[in-house]
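Text of data_16.txt (compact mmCIF, N, CA and C atoms) as supplied:
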# COMPACT_ATOMS: atom_id res chain seq x y z
N MET K 1 109.92 146.64 63.05
CA MET K 1 109.59 148.02 63.29
C MET K 1 108.78 148.14 64.57
N PRO K 2 108.94 149.21 65.28
CA PRO K 2 108.22 149.38 66.54
C PRO K 2 106.75 149.73 66.33
N PHE K 3 105.96 149.38 67.34
CA PHE K 3 104.54 149.74 67.40
C PHE K 3 104.40 150.91 68.35
N TYR K 4 103.54 151.85 67.99
CA TYR K 4 103.28 153.02 68.83
C TYR K 4 101.80 153.05 69.20
N PRO K 5 101.45 152.79 70.46
CA PRO K 5 100.06 152.89 70.89
C PRO K 5 99.65 154.37 70.97
N ILE K 6 98.52 154.69 70.38
CA ILE K 6 98.04 156.08 70.37
C ILE K 6 96.56 156.12 70.71
N VAL K 7 96.09 157.29 71.11
CA VAL K 7 94.69 157.50 71.42
C VAL K 7 94.25 158.84 70.83
N ASN K 8 93.04 158.86 70.27
CA ASN K 8 92.48 160.08 69.70
C ASN K 8 92.01 160.98 70.83
N ILE K 9 92.44 162.22 70.83
CA ILE K 9 92.13 163.17 71.89
C ILE K 9 90.63 163.46 71.95
N LYS K 10 89.97 163.56 70.79
CA LYS K 10 88.55 163.93 70.74
C LYS K 10 87.61 162.75 70.96
N THR K 11 87.88 161.62 70.31
CA THR K 11 86.94 160.50 70.35
C THR K 11 87.33 159.40 71.33
N GLY K 12 88.59 159.36 71.76
CA GLY K 12 89.05 158.30 72.65
C GLY K 12 89.40 157.01 71.92
N GLU K 13 89.31 157.02 70.59
CA GLU K 13 89.65 155.84 69.80
C GLU K 13 91.11 155.47 70.05
N GLU K 14 91.36 154.17 70.21
CA GLU K 14 92.71 153.68 70.44
C GLU K 14 93.16 152.84 69.26
N LYS K 15 94.42 152.98 68.90
CA LYS K 15 95.00 152.12 67.88
C LYS K 15 96.50 152.09 68.04
N SER K 16 97.13 151.24 67.27
CA SER K 16 98.57 151.08 67.34
C SER K 16 99.15 151.24 65.95
N LEU K 17 100.16 152.06 65.81
CA LEU K 17 100.81 152.29 64.53
C LEU K 17 102.15 151.56 64.50
N GLN K 18 102.45 150.98 63.36
CA GLN K 18 103.76 150.35 63.19
C GLN K 18 104.49 151.10 62.09
N MET K 19 105.60 151.72 62.47
CA MET K 19 106.38 152.51 61.51
C MET K 19 107.77 152.76 62.06
N SER K 20 108.65 153.25 61.19
CA SER K 20 110.01 153.57 61.63
C SER K 20 109.97 154.80 62.54
N ILE K 21 111.05 155.02 63.24
CA ILE K 21 111.14 156.16 64.15
C ILE K 21 111.03 157.47 63.37
N ASP K 22 111.71 157.54 62.21
CA ASP K 22 111.64 158.76 61.39
C ASP K 22 110.21 159.04 60.95
N ASP K 23 109.51 157.99 60.49
CA ASP K 23 108.11 158.16 60.08
C ASP K 23 107.24 158.55 61.25
N TRP K 24 107.52 157.99 62.43
CA TRP K 24 106.75 158.32 63.62
C TRP K 24 106.89 159.80 63.97
N VAL K 25 108.10 160.32 63.92
CA VAL K 25 108.33 161.74 64.24
C VAL K 25 107.54 162.63 63.28
N LYS K 26 107.57 162.31 61.99
CA LYS K 26 106.81 163.09 61.00
C LYS K 26 105.31 162.98 61.25
N TRP K 27 104.84 161.74 61.47
CA TRP K 27 103.41 161.52 61.68
C TRP K 27 102.93 162.27 62.93
N ARG K 28 103.72 162.21 63.99
CA ARG K 28 103.35 162.88 65.24
C ARG K 28 103.22 164.39 65.05
N GLU K 29 104.15 164.99 64.31
CA GLU K 29 104.09 166.43 64.05
C GLU K 29 102.84 166.80 63.24
N GLU K 30 102.48 165.96 62.27
CA GLU K 30 101.33 166.24 61.42
C GLU K 30 100.00 166.02 62.16
N ASN K 31 99.98 165.18 63.20
CA ASN K 31 98.74 164.81 63.87
C ASN K 31 98.72 165.15 65.36
N LYS K 32 99.56 166.08 65.79
CA LYS K 32 99.67 166.36 67.22
C LYS K 32 98.41 166.97 67.83
N ASP K 33 97.54 167.59 67.04
CA ASP K 33 96.32 168.18 67.58
C ASP K 33 95.19 167.17 67.72
N GLU K 34 95.34 165.99 67.11
CA GLU K 34 94.25 165.00 67.11
C GLU K 34 94.61 163.71 67.85
N TRP K 35 95.88 163.31 67.82
CA TRP K 35 96.32 162.06 68.43
C TRP K 35 97.44 162.30 69.44
N LYS K 36 97.49 161.43 70.47
CA LYS K 36 98.60 161.51 71.43
C LYS K 36 99.02 160.09 71.79
N ARG K 37 100.24 159.98 72.29
CA ARG K 37 100.74 158.67 72.71
C ARG K 37 99.94 158.15 73.88
N ASP K 38 99.66 156.87 73.87
CA ASP K 38 98.97 156.23 74.99
C ASP K 38 100.01 155.51 75.84
N TRP K 39 100.57 156.23 76.79
CA TRP K 39 101.64 155.68 77.61
C TRP K 39 101.15 154.59 78.56
N SER K 40 99.84 154.49 78.76
CA SER K 40 99.33 153.43 79.63
C SER K 40 99.53 152.05 78.99
N LYS K 41 99.73 152.02 77.69
CA LYS K 41 99.97 150.76 76.96
C LYS K 41 101.46 150.45 76.88
N GLY K 42 102.29 151.32 77.42
CA GLY K 42 103.73 151.11 77.37
C GLY K 42 104.37 151.96 76.29
N CYS K 43 105.66 151.77 76.12
CA CYS K 43 106.38 152.54 75.12
C CYS K 43 106.44 151.76 73.82
N ALA K 44 107.02 152.35 72.81
CA ALA K 44 107.14 151.69 71.51
C ALA K 44 107.85 150.36 71.69
N ALA K 45 107.35 149.35 71.01
CA ALA K 45 107.94 148.03 71.15
C ALA K 45 107.94 147.31 69.82
N THR K 46 108.92 146.44 69.65
CA THR K 46 108.93 145.58 68.48
C THR K 46 108.31 144.25 68.88
N VAL K 47 107.67 143.62 67.95
CA VAL K 47 106.98 142.37 68.24
C VAL K 47 107.47 141.29 67.29
N GLU K 48 107.82 140.17 67.85
CA GLU K 48 108.23 139.02 67.06
C GLU K 48 107.23 137.91 67.31
N THR K 49 106.84 137.22 66.27
CA THR K 49 105.95 136.09 66.42
C THR K 49 106.61 134.87 65.80
N GLY K 50 106.30 133.72 66.32
CA GLY K 50 106.84 132.49 65.76
C GLY K 50 108.12 132.05 66.42
N GLU K 51 108.49 130.83 66.13
CA GLU K 51 109.71 130.24 66.66
C GLU K 51 110.91 130.66 65.85
N TRP K 52 112.02 130.95 66.51
CA TRP K 52 113.23 131.39 65.82
C TRP K 52 113.75 130.29 64.90
N LYS K 53 113.59 129.04 65.27
CA LYS K 53 114.08 127.96 64.41
C LYS K 53 113.30 127.91 63.10
N ASP K 54 111.99 128.05 63.19
CA ASP K 54 111.17 128.04 61.97
C ASP K 54 111.53 129.20 61.06
N LYS K 55 111.76 130.37 61.64
CA LYS K 55 112.13 131.54 60.84
C LYS K 55 113.48 131.32 60.15
N LEU K 56 114.43 130.74 60.88
CA LEU K 56 115.76 130.50 60.33
C LEU K 56 115.69 129.52 59.17
N ILE K 57 114.92 128.46 59.33
CA ILE K 57 114.80 127.46 58.27
C ILE K 57 114.12 128.06 57.04
N LYS K 58 113.07 128.85 57.23
CA LYS K 58 112.37 129.46 56.09
C LYS K 58 113.25 130.48 55.38
N LYS K 59 114.04 131.22 56.15
CA LYS K 59 114.89 132.25 55.57
C LYS K 59 116.08 131.64 54.84
N ASN K 60 116.60 130.54 55.36
CA ASN K 60 117.80 129.91 54.80
C ASN K 60 117.57 128.42 54.55
N PRO K 61 116.71 128.06 53.59
CA PRO K 61 116.49 126.64 53.35
C PRO K 61 117.80 125.99 52.89
N GLY K 62 118.04 124.79 53.36
CA GLY K 62 119.26 124.09 52.99
C GLY K 62 120.42 124.32 53.95
N TRP K 63 120.22 125.13 54.97
CA TRP K 63 121.31 125.43 55.91
C TRP K 63 121.77 124.19 56.65
N ASN K 64 120.82 123.32 57.04
CA ASN K 64 121.19 122.09 57.74
C ASN K 64 122.12 121.23 56.89
N GLU K 65 121.85 121.15 55.59
CA GLU K 65 122.69 120.36 54.71
C GLU K 65 124.11 120.92 54.64
N ILE K 66 124.21 122.23 54.62
CA ILE K 66 125.54 122.87 54.60
C ILE K 66 126.29 122.56 55.88
N LEU K 67 125.62 122.63 57.02
CA LEU K 67 126.25 122.32 58.30
C LEU K 67 126.69 120.86 58.36
N GLN K 68 125.86 119.96 57.82
CA GLN K 68 126.22 118.54 57.84
C GLN K 68 127.45 118.28 56.97
N LYS K 69 127.52 118.89 55.80
CA LYS K 69 128.68 118.73 54.93
C LYS K 69 129.94 119.28 55.60
N ALA K 70 129.81 120.40 56.29
CA ALA K 70 130.95 120.99 56.98
C ALA K 70 131.45 120.07 58.09
N SER K 71 130.53 119.41 58.77
CA SER K 71 130.94 118.53 59.87
C SER K 71 131.62 117.27 59.35
N LYS K 72 131.33 116.88 58.10
CA LYS K 72 131.94 115.69 57.51
C LYS K 72 133.28 115.99 56.83
N ALA K 73 133.62 117.26 56.71
CA ALA K 73 134.87 117.64 56.06
C ALA K 73 136.05 117.11 56.86
N GLY K 74 137.13 116.85 56.18
CA GLY K 74 138.31 116.30 56.83
C GLY K 74 138.82 117.19 57.95
N GLY K 75 139.11 116.60 59.09
CA GLY K 75 139.65 117.33 60.22
C GLY K 75 138.63 118.07 61.06
N SER K 76 137.36 118.00 60.68
CA SER K 76 136.32 118.71 61.43
C SER K 76 136.03 117.99 62.73
N GLN K 77 136.00 118.72 63.82
CA GLN K 77 135.66 118.14 65.13
C GLN K 77 134.34 118.69 65.62
N THR K 78 133.57 119.23 64.70
CA THR K 78 132.31 119.86 65.04
C THR K 78 131.17 118.85 65.02
N LYS K 79 130.38 118.84 66.05
CA LYS K 79 129.17 118.03 66.07
C LYS K 79 128.01 118.95 65.73
N ILE K 80 127.31 118.61 64.69
CA ILE K 80 126.22 119.46 64.21
C ILE K 80 124.89 118.79 64.53
N SER K 81 124.01 119.55 65.13
CA SER K 81 122.65 119.05 65.34
C SER K 81 121.73 119.86 64.45
N LYS K 82 120.72 119.21 63.95
CA LYS K 82 119.78 119.90 63.07
C LYS K 82 119.01 120.94 63.84
N ILE K 83 118.70 122.01 63.15
CA ILE K 83 117.88 123.08 63.74
C ILE K 83 116.44 122.67 63.59
Go ahead and express the file in the form of structure tokens.
Amino acid sequence: MPFYPIVNIKTGEEKSLQMSIDDWVKWREENKDEWKRDWSKGCAATVETGEWKDKLIKKNPGWNEILQKASKAGGSQTKISKI
């Protein structure tokens, strides 16, 4: 989900909201007199942390074993390297 940097018009407080676009549109309409987008921080962005390999292994444990079995199947010319 994207992050939306915002700033309080009255106090200058800065924060970042993470929500869907639909939720952001609703939230913005409800809070337009108190909060505004902080464009100096950039536009809405999604953030990913961690290595893609670690995420893949955690999400699909046992995937390497499936790939190894597939490579050993008769007629397979696929070379499989572990993730």
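Closest approach to Asp33 in chain K from the set K:Val7, K:Pro2, K:Lys72, K:Glu14 is made by K:Val7, with distances taken over only C-alpha atoms.
When only N, CA and C atoms are used to measure the gap to Asn8 in chain K, the shortest distance among K:Asp22, K:Asp38, K:Asp54, K:Glu65 belongs to K:Asp38.
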Leaving out Leu17 in chain K and any residue of its chain fewer than 5 positions from it, which residues lie within 8 Å of it when counting only C-alpha atoms, given as a ChimeraX atom specification?
/K:3-6
